[in-house]
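What follows is a single structure, written as structure tokens, with notes after it.
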Amino acid sequence: MYNDIRLEKGLYNLSGKSFTAALEELDPSSAYAGTPLEKLDAFERQLKRFNIRIKGPDCDKVEKFFSSTETAILFPEFVTRSIRKGFDETVLSSVCAAKTVCSSSQYLGCTLTDSAAYTDTAEAAVLPTATVREDEETTVLAKYGRLITASYESVRQQRLDVFGIMLRSIGVKLAGSVVKAAVDVLVEDADEITTSSLTYSDLAALYGQFDNFDMTTVIASPQLASQIAAMEQLKDCSADADGRFILPFGSELIKTSAAGNSKIIGIDRNFALEFITSTDLIMETDKLIDRQLDQMTVSITCGFKKITPEAVNVLKITS
């Protein structure tokens, strides 16, 4: 049971396993089916065990994690989860069709060549060919990270929910730097149409560039996104239940400064982009556990690869 788990630093250093995955092996969530704890994962059960409240009106302060040697072991996972939550709540979740974990800093994927027309084939004739081959060039992954300085004395009395929000904001901005790389891959060699002044007709023309695929997502800079939102044809549009702004032809409008002010990108999120990473978010743990919070480092190594070029089209604004 979760009350009997021995928490130690070594749980963070098991090859190929996150801290939570290591805890889950010791305390499987499946054992709690049908109990009041079934909705908690192994880490959340440890928070319950030590009565550490990370949100709500009775939220604890940072120092609660350092009330014992075992509770201190939980603090790096709290920090990592807070940053990851911010990272995952960004544009990346709306533009990537697949996530691949590789074991090195370079990734060699596959390329699909499928240019022959899809028409009927006469009896006994050879069928048109679609070819999948190994890429000729590797995708080189880049490292993105942040050094966070915060002494224990400065944060020990800080509420955990507020401190968690600060960490989430770092995750959001870290993801923003990663999104720039995703946008660069999407626009590279993409089919373009041009306009001198952005109008609703131009957006409709971009929508019309998609044949076999759908334009599920429109990516634009904050400046261009505001122009789109102000268009007369969109005056009756509103956010859906998830807070997404949906254009009249069903595309979600996403704003990010990574897109720049000269291009609007239309994609089919189900086919366009592969997110490749050799690591999850990495947090240096030993100093956090020992209360030496002067320097916290968080990083991720990742890159992107276009899967289906026909699932990406670009509207270029020339003025």
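Residues are referred to by chain and number: the chain letter is A, B, ... according to the order shown in the structure tokens, the number counts from 1 in that chain, and ligands are numbered separately from 1 in the order shown.
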| field | Test item: residues at most 8 Å from stretch 186-192 of chain A, only C-alpha atoms, excluding those fewer than 5 positions along its chain, as an MDAnalysis selection string | value | chainID A and resid 265 272:273 306 309 312:316
| request: Between A:Thr195, A:Thr35, A:Ser177, A:Gln233, single out the one closest to A:Gly145, counting only C-alpha atoms. | output: A:Ser177
| task | Might you pull out every residue within 10 Å of A:Val183, with only C-alpha atoms counted and same-chain residues fewer than 2 positions away left off, and present them as an NGL selection string? | result | :A and (95 or 178-181 or 185-188 or 219 or 256 or 258-260 or 265 or 273 or 304)
Using only C-alpha atoms, determine which residues lie at most 9 Å from stretch 129-141 of chain A, disregarding the query and same-chain residues fewer than 2 positions distant; provide the list as a PDB file with C-alpha atoms, in the first residue's frame.
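And here is the file that came out, result_12.pdb:
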ATOM      1  CA  SER A 104      19.671   9.854 -29.227  1.00  0.00           C
ATOM      2  CA  SER A 105      19.984  13.482 -30.255  1.00  0.00           C
ATOM      3  CA  GLN A 106      19.430  12.586 -33.925  1.00  0.00           C
ATOM      4  CA  TYR A 107      16.381  10.930 -35.443  1.00  0.00           C
ATOM      5  CA  LEU A 108      16.131   9.083 -38.731  1.00  0.00           C
ATOM      6  CA  GLY A 109      12.517   8.640 -39.718  1.00  0.00           C
ATOM      7  CA  CYS A 110      10.723   7.636 -42.899  1.00  0.00           C
ATOM      8  CA  THR A 111       9.452   9.527 -45.927  1.00  0.00           C
ATOM      9  CA  LEU A 112       6.336   8.695 -47.913  1.00  0.00           C
ATOM     10  CA  THR A 113       6.439   9.338 -51.681  1.00  0.00           C
ATOM     11  CA  ASP A 114       2.911   9.154 -53.024  1.00  0.00           C
ATOM     12  CA  SER A 115       2.531  11.443 -56.032  1.00  0.00           C
ATOM     13  CA  ALA A 116       0.729   9.188 -58.512  1.00  0.00           C
ATOM     14  CA  VAL A 126       0.170  -2.374 -62.482  1.00  0.00           C
ATOM     15  CA  LEU A 127      -1.195  -0.438 -59.510  1.00  0.00           C
ATOM     16  CA  LYS A 143      17.946  21.399 -26.223  1.00  0.00           C
ATOM     17  CA  ILE A 276      10.376  13.997 -31.570  1.00  0.00           C
ATOM     18  CA  THR A 277      12.020  14.007 -28.153  1.00  0.00           C
ATOM     19  CA  SER A 278      14.880  12.138 -26.567  1.00  0.00           C
ATOM     20  CA  THR A 301      15.626  17.912 -26.015  1.00  0.00           C
ATOM     21  CA  CYS A 302      13.314  17.766 -29.020  1.00  0.00           C
ATOM     22  CA  GLY A 303      12.716  18.464 -32.702  1.00  0.00           C
ATOM     23  CA  PHE A 304      10.066  18.214 -35.420  1.00  0.00           C
ATOM     24  CA  LYS A 305       9.521  16.468 -38.728  1.00  0.00           C
TER      25      LYS A 305
END
Spatial neighbours of A:Ile83, max dist 12 Å, only C-alpha atoms, sep filter under 5 positions, as a PDB file with N, CA and C atoms, in the first residue's frame:
ATOM      1  N   PRO A  76      10.862  17.609  -6.089  1.00  0.00           N
ATOM      2  CA  PRO A  76      11.227  17.747  -7.508  1.00  0.00           C
ATOM      3  C   PRO A  76      10.116  17.318  -8.454  1.00  0.00           C
ATOM      4  N   GLU A  77       9.352  16.296  -8.075  1.00  0.00           N
ATOM      5  CA  GLU A  77       8.247  15.870  -8.933  1.00  0.00           C
ATOM      6  C   GLU A  77       7.150  16.924  -8.967  1.00  0.00           C
ATOM      7  N   PHE A  78       6.900  17.593  -7.857  1.00  0.00           N
ATOM      8  CA  PHE A  78       5.931  18.689  -7.843  1.00  0.00           C
ATOM      9  C   PHE A  78       6.383  19.802  -8.793  1.00  0.00           C
ATOM     10  N   ASP A  88       2.469  21.570 -21.502  1.00  0.00           N
ATOM     11  CA  ASP A  88       1.483  20.783 -22.246  1.00  0.00           C
ATOM     12  C   ASP A  88       0.220  21.558 -22.608  1.00  0.00           C
ATOM     13  N   GLU A  89      -0.010  22.692 -21.953  1.00  0.00           N
ATOM     14  CA  GLU A  89      -1.226  23.471 -22.208  1.00  0.00           C
ATOM     15  C   GLU A  89      -1.041  24.487 -23.329  1.00  0.00           C
ATOM     16  N   THR A  90      -0.099  24.271 -24.210  1.00  0.00           N
ATOM     17  CA  THR A  90       0.239  25.268 -25.215  1.00  0.00           C
ATOM     18  C   THR A  90      -0.104  24.786 -26.620  1.00  0.00           C
ATOM     19  N   GLY A 145      15.861  24.943 -22.453  1.00  0.00           N
ATOM     20  CA  GLY A 145      15.818  24.851 -21.002  1.00  0.00           C
ATOM     21  C   GLY A 145      15.836  26.197 -20.322  1.00  0.00           C
ATOM     22  N   ARG A 146      15.799  26.119 -19.007  1.00  0.00           N
ATOM     23  CA  ARG A 146      15.777  27.334 -18.189  1.00  0.00           C
ATOM     24  C   ARG A 146      16.495  27.063 -16.874  1.00  0.00           C
ATOM     25  N   ILE A 148      16.528  28.337 -13.159  1.00  0.00           N
ATOM     26  CA  ILE A 148      15.652  29.081 -12.247  1.00  0.00           C
ATOM     27  C   ILE A 148      16.387  29.274 -10.932  1.00  0.00           C
ATOM     28  N   PHE A 163       3.110  29.177  -6.082  1.00  0.00           N
ATOM     29  CA  PHE A 163       4.422  28.769  -6.592  1.00  0.00           C
ATOM     30  C   PHE A 163       4.265  27.871  -7.813  1.00  0.00           C
ATOM     31  N   GLY A 164       3.258  27.000  -7.788  1.00  0.00           N
ATOM     32  CA  GLY A 164       2.990  26.136  -8.925  1.00  0.00           C
ATOM     33  C   GLY A 164       2.600  26.919 -10.166  1.00  0.00           C
ATOM     34  N   ILE A 165       1.834  27.994  -9.987  1.00  0.00           N
ATOM     35  CA  ILE A 165       1.448  28.834 -11.130  1.00  0.00           C
ATOM     36  C   ILE A 165       2.677  29.519 -11.725  1.00  0.00           C
ATOM     37  N   MET A 166       3.580  29.976 -10.875  1.00  0.00           N
ATOM     38  CA  MET A 166       4.818  30.566 -11.382  1.00  0.00           C
ATOM     39  C   MET A 166       5.586  29.567 -12.237  1.00  0.00           C
ATOM     40  N   LEU A 167       5.665  28.332 -11.760  1.00  0.00           N
ATOM     41  CA  LEU A 167       6.378  27.288 -12.503  1.00  0.00           C
ATOM     42  C   LEU A 167       5.648  26.956 -13.801  1.00  0.00           C
ATOM     43  N   ARG A 168       4.320  26.925 -13.759  1.00  0.00           N
ATOM     44  CA  ARG A 168       3.541  26.679 -14.977  1.00  0.00           C
ATOM     45  C   ARG A 168       3.836  27.737 -16.035  1.00  0.00           C
ATOM     46  N   SER A 169       3.974  28.990 -15.591  1.00  0.00           N
ATOM     47  CA  SER A 169       4.245  30.073 -16.548  1.00  0.00           C
ATOM     48  C   SER A 169       5.593  29.862 -17.225  1.00  0.00           C
ATOM     49  N   ILE A 170       6.560  29.307 -16.507  1.00  0.00           N
ATOM     50  CA  ILE A 170       7.847  28.986 -17.119  1.00  0.00           C
ATOM     51  C   ILE A 170       7.659  27.900 -18.165  1.00  0.00           C
ATOM     52  N   GLY A 171       6.823  26.905 -17.854  1.00  0.00           N
ATOM     53  CA  GLY A 171       6.531  25.843 -18.818  1.00  0.00           C
ATOM     54  C   GLY A 171       5.882  26.377 -20.083  1.00  0.00           C
ATOM     55  N   VAL A 172       4.983  27.335 -19.929  1.00  0.00           N
ATOM     56  CA  VAL A 172       4.311  27.941 -21.086  1.00  0.00           C
ATOM     57  C   VAL A 172       5.329  28.629 -21.985  1.00  0.00           C
ATOM     58  N   LYS A 173       6.227  29.419 -21.380  1.00  0.00           N
ATOM     59  CA  LYS A 173       7.199  30.162 -22.179  1.00  0.00           C
ATOM     60  C   LYS A 173       8.275  29.241 -22.760  1.00  0.00           C
ATOM     61  N   LEU A 174       8.594  28.172 -22.043  1.00  0.00           N
ATOM     62  CA  LEU A 174       9.537  27.185 -22.581  1.00  0.00           C
ATOM     63  C   LEU A 174       8.947  26.523 -23.820  1.00  0.00           C
ATOM     64  N   ALA A 175       7.676  26.181 -23.737  1.00  0.00           N
ATOM     65  CA  ALA A 175       7.004  25.592 -24.902  1.00  0.00           C
ATOM     66  C   ALA A 175       6.959  26.575 -26.059  1.00  0.00           C
ATOM     67  N   ASP A 280      11.956  13.416 -21.583  1.00  0.00           N
ATOM     68  CA  ASP A 280      10.845  14.182 -21.041  1.00  0.00           C
ATOM     69  C   ASP A 280      11.473  15.443 -20.435  1.00  0.00           C
ATOM     70  N   LEU A 281      10.681  16.295 -19.837  1.00  0.00           N
ATOM     71  CA  LEU A 281      11.266  17.418 -19.122  1.00  0.00           C
ATOM     72  C   LEU A 281      12.202  16.885 -18.043  1.00  0.00           C
ATOM     73  N   ILE A 282      13.438  17.364 -18.013  1.00  0.00           N
ATOM     74  CA  ILE A 282      14.439  16.898 -17.061  1.00  0.00           C
ATOM     75  C   ILE A 282      14.651  17.962 -15.991  1.00  0.00           C
ATOM     76  N   MET A 283      14.568  17.547 -14.741  1.00  0.00           N
ATOM     77  CA  MET A 283      14.790  18.447 -13.620  1.00  0.00           C
ATOM     78  C   MET A 283      15.938  17.909 -12.777  1.00  0.00           C
ATOM     79  N   MET A 296      17.714  25.868 -10.022  1.00  0.00           N
ATOM     80  CA  MET A 296      16.931  24.750 -10.522  1.00  0.00           C
ATOM     81  C   MET A 296      17.022  24.780 -12.043  1.00  0.00           C
ATOM     82  N   THR A 297      17.311  23.647 -12.643  1.00  0.00           N
ATOM     83  CA  THR A 297      17.393  23.586 -14.097  1.00  0.00           C
ATOM     84  C   THR A 297      16.330  22.639 -14.637  1.00  0.00           C
ATOM     85  N   VAL A 298      15.675  23.065 -15.696  1.00  0.00           N
ATOM     86  CA  VAL A 298      14.696  22.223 -16.379  1.00  0.00           C
ATOM     87  C   VAL A 298      14.980  22.313 -17.870  1.00  0.00           C
ATOM     88  N   SER A 299      14.924  21.179 -18.552  1.00  0.00           N
ATOM     89  CA  SER A 299      15.252  21.192 -19.977  1.00  0.00           C
ATOM     90  C   SER A 299      14.521  20.065 -20.699  1.00  0.00           C
ATOM     91  N   ILE A 300      14.427  20.209 -22.015  1.00  0.00           N
ATOM     92  CA  ILE A 300      13.885  19.164 -22.875  1.00  0.00           C
ATOM     93  C   ILE A 300      14.653  19.191 -24.185  1.00  0.00           C
TER      94      ILE A 300
END
